[in-house]
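So this block is work28.pdb, PDB, C-alpha atoms:
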```pdb
ATOM      1  CA  MET I   1     281.977 154.025 -67.696
ATOM      2  CA  SER I   2     278.203 154.481 -67.791
ATOM      3  CA  ASP I   3     275.781 151.577 -67.507
ATOM      4  CA  LYS I   4     273.154 153.594 -69.338
ATOM      5  CA  VAL I   5     272.839 152.758 -73.035
ATOM      6  CA  ILE I   6     272.552 155.417 -75.686
ATOM      7  CA  ASP I   7     269.028 156.476 -76.622
ATOM      8  CA  ALA I   8     267.621 154.322 -79.444
ATOM      9  CA  GLY I   9     266.616 157.483 -81.333
ATOM     10  CA  VAL I  10     270.238 158.549 -81.859
ATOM     11  CA  ARG I  11     271.304 158.170 -85.494
ATOM     12  CA  MET I  12     274.309 158.950 -87.606
ATOM     13  CA  GLY I  13     274.270 162.373 -89.181
ATOM     14  CA  HIS I  14     276.501 163.490 -92.024
ATOM     15  CA  VAL I  15     280.064 162.669 -92.977
ATOM     16  CA  HIS I  16     282.521 165.398 -93.930
ATOM     17  CA  LEU I  17     285.434 164.352 -96.135
ATOM     18  CA  LYS I  18     288.726 166.039 -96.886
ATOM     19  CA  VAL I  19     289.319 165.806-100.639
ATOM     20  CA  ALA I  20     292.193 166.792-102.908
ATOM     21  CA  ASP I  21     290.074 168.095-105.790
ATOM     22  CA  LEU I  22     286.531 169.327-105.188
ATOM     23  CA  GLU I  23     285.418 169.071-108.842
ATOM     24  CA  ARG I  24     286.657 165.478-109.076
ATOM     25  CA  ALA I  25     284.844 164.578-105.838
ATOM     26  CA  LEU I  26     281.642 166.257-107.073
ATOM     27  CA  GLY I  27     281.939 164.310-110.321
ATOM     28  CA  PHE I  28     281.834 161.097-108.302
ATOM     29  CA  TYR I  29     279.308 161.890-105.572
ATOM     30  CA  CYS I  30     276.936 163.901-107.814
ATOM     31  CA  GLY I  31     277.759 162.650-111.311
ATOM     32  CA  VAL I  32     277.964 158.939-110.494
ATOM     33  CA  LEU I  33     276.035 158.394-107.249
ATOM     34  CA  GLY I  34     273.447 161.105-107.897
ATOM     35  CA  PHE I  35     273.696 163.365-104.837
ATOM     36  CA  GLU I  36     272.596 166.998-105.238
ATOM     37  CA  VAL I  37     274.584 170.058-104.153
ATOM     38  CA  THR I  38     272.695 171.982-101.473
ATOM     39  CA  LEU I  39     275.389 174.587-100.778
ATOM     40  CA  ARG I  40     278.767 175.401-102.246
ATOM     41  CA  PHE I  41     281.633 177.595-101.064
ATOM     42  CA  GLY I  42     283.556 178.313-104.261
ATOM     43  CA  ASP I  43     286.198 175.714-105.024
ATOM     44  CA  SER I  44     286.849 174.850-101.374
ATOM     45  CA  ALA I  45     283.697 173.110-100.070
ATOM     46  CA  ALA I  46     280.329 171.661-101.032
ATOM     47  CA  PHE I  47     277.459 170.093 -99.146
ATOM     48  CA  LEU I  48     275.504 167.251-100.773
ATOM     49  CA  SER I  49     272.083 165.789-100.160
ATOM     50  CA  ALA I  50     269.783 162.961-101.105
ATOM     51  CA  GLY I  51     266.183 164.117-101.113
ATOM     52  CA  GLY I  52     266.561 167.695 -99.918
ATOM     53  CA  TYR I  53     268.141 167.137 -96.479
ATOM     54  CA  HIS I  54     270.549 169.974 -95.587
ATOM     55  CA  HIS I  55     273.496 167.638 -96.170
ATOM     56  CA  HIS I  56     274.492 164.028 -95.924
ATOM     57  CA  ILE I  57     278.029 164.559 -97.218
ATOM     58  CA  GLY I  58     280.323 167.521 -96.830
ATOM     59  CA  LEU I  59     283.386 167.796 -99.071
ATOM     60  CA  ASN I  60     286.216 170.250 -98.495
ATOM     61  CA  THR I  61     289.777 171.037 -99.565
ATOM     62  CA  TRP I  62     290.553 173.228 -96.530
ATOM     63  CA  GLU I  63     293.410 170.990 -95.318
ATOM     64  CA  SER I  64     293.785 168.678 -98.276
ATOM     65  CA  LYS I  65     293.846 170.514-101.631
ATOM     66  CA  GLY I  66     296.124 168.557-103.950
ATOM     67  CA  GLY I  67     296.821 166.053-101.168
ATOM     68  CA  ALA I  68     297.400 162.327-101.398
ATOM     69  CA  PRO I  69     295.143 159.652 -99.897
ATOM     70  CA  PRO I  70     296.183 158.255 -96.508
ATOM     71  CA  THR I  71     298.671 155.436 -96.828
ATOM     72  CA  PRO I  72     297.751 151.912 -95.728
ATOM     73  CA  GLY I  73     298.617 151.232 -92.124
ATOM     74  CA  THR I  74     297.470 154.649 -90.889
ATOM     75  CA  THR I  75     294.397 155.492 -88.856
ATOM     76  CA  GLY I  76     291.388 157.298 -90.224
ATOM     77  CA  LEU I  77     288.062 156.631 -91.842
ATOM     78  CA  TYR I  78     287.670 153.002 -92.958
ATOM     79  CA  HIS I  79     284.596 153.748 -95.047
ATOM     80  CA  LEU I  80     281.431 155.761 -95.126
ATOM     81  CA  ALA I  81     278.256 153.764 -95.580
ATOM     82  CA  LEU I  82     275.248 154.877 -97.596
ATOM     83  CA  VAL I  83     271.999 153.009 -96.897
ATOM     84  CA  TYR I  84     269.661 152.563 -99.848
ATOM     85  CA  PRO I  85     265.946 152.097 -99.061
ATOM     86  CA  THR I  86     265.393 149.015-101.245
ATOM     87  CA  ARG I  87     267.250 146.332-103.125
ATOM     88  CA  ALA I  88     266.086 147.941-106.387
ATOM     89  CA  THR I  89     267.691 151.276-105.473
ATOM     90  CA  LEU I  90     270.944 149.488-104.603
ATOM     91  CA  ALA I  91     270.744 147.783-108.014
ATOM     92  CA  ASP I  92     270.374 151.243-109.577
ATOM     93  CA  ALA I  93     273.527 152.346-107.729
ATOM     94  CA  LEU I  94     275.361 149.302-109.114
ATOM     95  CA  GLN I  95     274.198 150.212-112.616
ATOM     96  CA  ARG I  96     275.545 153.762-112.126
ATOM     97  CA  LEU I  97     278.919 152.416-110.970
ATOM     98  CA  LEU I  98     279.167 150.034-113.904
ATOM     99  CA  ARG I  99     278.266 152.739-116.431
ATOM    100  CA  ALA I 100     280.901 155.050-114.921
ATOM    101  CA  LYS I 101     283.436 152.181-114.863
ATOM    102  CA  VAL I 102     283.998 152.615-111.119
ATOM    103  CA  PRO I 103     285.683 149.416-109.913
ATOM    104  CA  LEU I 104     284.316 147.524-106.929
ATOM    105  CA  ASP I 105     286.625 146.476-104.102
ATOM    106  CA  GLY I 106     284.070 143.861-103.109
ATOM    107  CA  ALA I 107     280.413 142.874-102.950
ATOM    108  CA  SER I 108     279.063 140.988 -99.944
ATOM    109  CA  ASP I 109     275.914 139.415 -98.611
ATOM    110  CA  HIS I 110     276.008 139.826 -94.820
ATOM    111  CA  GLY I 111     272.676 138.143 -94.110
ATOM    112  CA  VAL I 112     271.304 141.385 -92.665
ATOM    113  CA  SER I 113     272.276 143.390 -95.742
ATOM    114  CA  GLU I 114     273.730 143.323 -99.234
ATOM    115  CA  ALA I 115     276.697 145.633 -99.780
ATOM    116  CA  LEU I 116     278.928 147.042-102.503
ATOM    117  CA  TYR I 117     282.404 148.285-101.545
ATOM    118  CA  LEU I 118     284.450 150.776-103.556
ATOM    119  CA  ARG I 119     286.735 153.798-103.297
ATOM    120  CA  ASP I 120     285.950 157.395-104.123
ATOM    121  CA  PRO I 121     288.458 159.393-106.226
ATOM    122  CA  ASP I 122     290.381 160.338-103.044
ATOM    123  CA  GLY I 123     290.746 156.742-101.910
ATOM    124  CA  ASN I 124     288.066 156.956 -99.205
ATOM    125  CA  GLY I 125     286.245 153.696 -98.663
ATOM    126  CA  VAL I 126     282.551 153.777 -99.604
ATOM    127  CA  GLU I 127     279.962 151.119 -98.786
ATOM    128  CA  LEU I 128     276.613 151.169-100.578
ATOM    129  CA  TYR I 129     274.051 148.819 -99.032
ATOM    130  CA  TRP I 130     270.444 148.017 -98.256
ATOM    131  CA  ASP I 131     269.178 146.303 -95.131
ATOM    132  CA  ARG I 132     266.959 143.270 -95.396
ATOM    133  CA  PRO I 133     263.796 143.472 -93.293
ATOM    134  CA  LYS I 134     264.683 142.823 -89.654
ATOM    135  CA  ASN I 135     262.476 139.710 -89.501
ATOM    136  CA  GLU I 136     264.705 138.130 -92.200
ATOM    137  CA  TRP I 137     268.006 138.672 -90.354
ATOM    138  CA  PRO I 138     269.819 135.386 -89.637
ATOM    139  CA  LYS I 139     269.707 134.245 -86.013
ATOM    140  CA  ASP I 140     271.019 131.246 -84.114
ATOM    141  CA  ALA I 141     268.905 128.864 -82.019
ATOM    142  CA  GLN I 142     269.049 131.316 -79.075
ATOM    143  CA  GLY I 143     267.790 134.193 -81.242
ATOM    144  CA  ARG I 144     271.156 135.990 -81.423
ATOM    145  CA  LEU I 145     272.130 137.766 -84.615
ATOM    146  CA  THR I 146     274.492 135.722 -86.817
ATOM    147  CA  MET I 147     275.855 137.999 -89.516
ATOM    148  CA  TYR I 148     278.185 136.506 -92.100
ATOM    149  CA  THR I 149     280.090 137.536 -95.196
ATOM    150  CA  ARG I 150     279.361 135.708 -98.442
ATOM    151  CA  ALA I 151     279.861 136.690-102.065
ATOM    152  CA  LEU I 152     277.033 138.863-103.361
ATOM    153  CA  ASP I 153     275.323 137.694-106.538
ATOM    154  CA  LEU I 154     275.704 140.858-108.646
ATOM    155  CA  ARG I 155     273.664 139.468-111.542
ATOM    156  CA  GLY I 156     270.862 138.624-109.124
ATOM    157  CA  LEU I 157     271.042 142.117-107.664
ATOM    158  CA  LEU I 158     270.782 143.689-111.116
ATOM    159  CA  ALA I 159     267.868 141.400-111.999
ATOM    160  CA  ALA I 160     266.037 142.679-108.919
ATOM    161  CA  ALA I 161     266.111 146.271-110.154
ATOM    162  CA  ASP I 162     262.678 147.877-110.298
ATOM    163  CA  GLU I 163     261.581 148.447-113.899
ATOM    164  CA  SER I 164     260.422 151.933-112.930
ATOM    165  CA  LEU I 165     264.040 153.029-112.540
ATOM    166  CA  ASP I 166     265.358 155.004-115.484
ATOM    167  CA  THR I 167     267.942 152.513-116.769
ATOM    168  CA  PRO I 168     266.979 149.126-118.231
ATOM    169  CA  HIS I 169     269.124 146.178-117.111
ATOM    170  CA  ASN I 170     270.190 145.347-120.640
ATOM    171  CA  GLN I 171     272.227 148.563-120.877
ATOM    172  CA  VAL I 172     274.640 147.409-118.165
ATOM    173  CA  VAL I 173     277.376 144.839-118.719
ATOM    174  CA  LEU I 174     279.066 143.138-115.785
ATOM    175  CA  PRO I 175     282.855 142.763-115.995
TER     176      PRO I 175
END
```

Is it possible to give me this structure as structure tokens?
Amino acid sequence: MSDKVIDAGVRMGHVHLKVADLERALGFYCGVLGFEVTLRFGDSAAFLSAGGYHHHIGLNTWESKGGAPPTPGTTGLYHLALVYPTRATLADALQRLLRAKVPLDGASDHGVSEALYLRDPDGNGVELYWDRPKNEWPKDAQGRLTMYTRALDLRGLLAAADESLDTPHNQVVLP
């Protein structure tokens, strides 16, 4: 095992998901979350982007067309995580989910971030979150990070939405 730590400039790239139905997956990732298709290979694969990057998410049916989600108790992807730049943009994502009637599996305040948890149409776990500024992260008396999991105030998140976003708060109803 190496004593050398990974370079701090390394970052996560894209995620590539096996899906059962490409159109259904595109309906969720593009229609609900707002990603754009950058490249498509017929009905077998598509590459999606936020902001013109070559792709953040790849979707394919190469080994999974018509397939079932993995059963609980098996290994595989726990969830993919999408980082939103601000609390207001996460609030916009919550509004999109509510309008599309996509159920949440959970919503947590982790001290360092606020996160929404859900499933895509193929049962893949999806986390949508924003990071608080690093100087606001909770630390103990020795300066060590002390993340936690508390219930996220969804109404407070929606109230924090930037008015410049295209959907007014009063059009969204919490369950």

Counting all atoms listed in the file, which residues have an atom no more than 12 Å from (267.7, 155.5, -105.1) in the file's coordinates? Please list them as a ChimeraX atom specification.
/I:33-35,50-51,82-96,128-130,161-162,164-166

For this structure, which residues satisfy the selection - the PyMOL selection byres ((chain I and resi 1-16) around 6) - when it is evaluated on the file as given? I want them as a list of chain:residue names.
I:Leu17, I:His56, I:Ile57, I:Gly58, I:Leu59

Let me make sure I understand: among I:Ala25, I:Val112, I:Leu97, I:Ala160, which one has the smallest atom-to-atom distance to Asn135 (chain I) if we use all atoms listed in the file?
I:Val112

Pick from I:Arg119, I:Lys134, I:His110, I:Arg40 nearest to Leu80 (chain I), counting only C-alpha atoms
I:Arg119

Work out how far CA of Asp105 (chain I) is from CA of Lys65 (chain I), in Å to one decimal.
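That distance, rounded to one decimal, is 25.2 Å.
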
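Using all atoms listed in the file for every distance, the candidate list I:Gly42, I:Gly111, I:Pro121, I:Gly156 yields I:Pro121 as the residue closest to Pro69 (chain I).
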
Long-range neighbours of Gly106 (chain I) as a list of chain:residue names, 7 Å cut-off, only C-alpha atoms, 6 positions minimum in chain:
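Close residues of Gly106 (chain I): I:Leu116, I:Tyr117, I:Leu118.
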
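Relative to CA of Leu48 (chain I), CA of Tyr29 (chain I) is found at 8.1 Å.
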
Got a sec to resolve the PyMOL selection byres ((chain I and resi 146) around 10) on this structure and send the residues as a PDB file with C-alpha atoms, in the frame of the given file?
```
ATOM      1  CA  HIS I 110     276.008 139.826 -94.820  1.00  0.00           C
ATOM      2  CA  GLY I 111     272.676 138.143 -94.110  1.00  0.00           C
ATOM      3  CA  VAL I 112     271.304 141.385 -92.665  1.00  0.00           C
ATOM      4  CA  TRP I 137     268.006 138.672 -90.354  1.00  0.00           C
ATOM      5  CA  PRO I 138     269.819 135.386 -89.637  1.00  0.00           C
ATOM      6  CA  LYS I 139     269.707 134.245 -86.013  1.00  0.00           C
ATOM      7  CA  ASP I 140     271.019 131.246 -84.114  1.00  0.00           C
ATOM      8  CA  GLY I 143     267.790 134.193 -81.242  1.00  0.00           C
ATOM      9  CA  ARG I 144     271.156 135.990 -81.423  1.00  0.00           C
ATOM     10  CA  LEU I 145     272.130 137.766 -84.615  1.00  0.00           C
ATOM     11  CA  MET I 147     275.855 137.999 -89.516  1.00  0.00           C
ATOM     12  CA  TYR I 148     278.185 136.506 -92.100  1.00  0.00           C
TER      13      TYR I 148
END
```

Using the chain letters and numbering of this document, enumerate as number ranges by chain the residues selected by the PyMOL selection byres ((chain I and resi 125) around 9).
I: 77-81, 117-120, 122-124, 126-127

Of I:Val102, I:Glu136, I:Leu157, I:Trp62, the one sitting nearest Gly31 (chain I) when using only C-alpha atoms is I:Val102
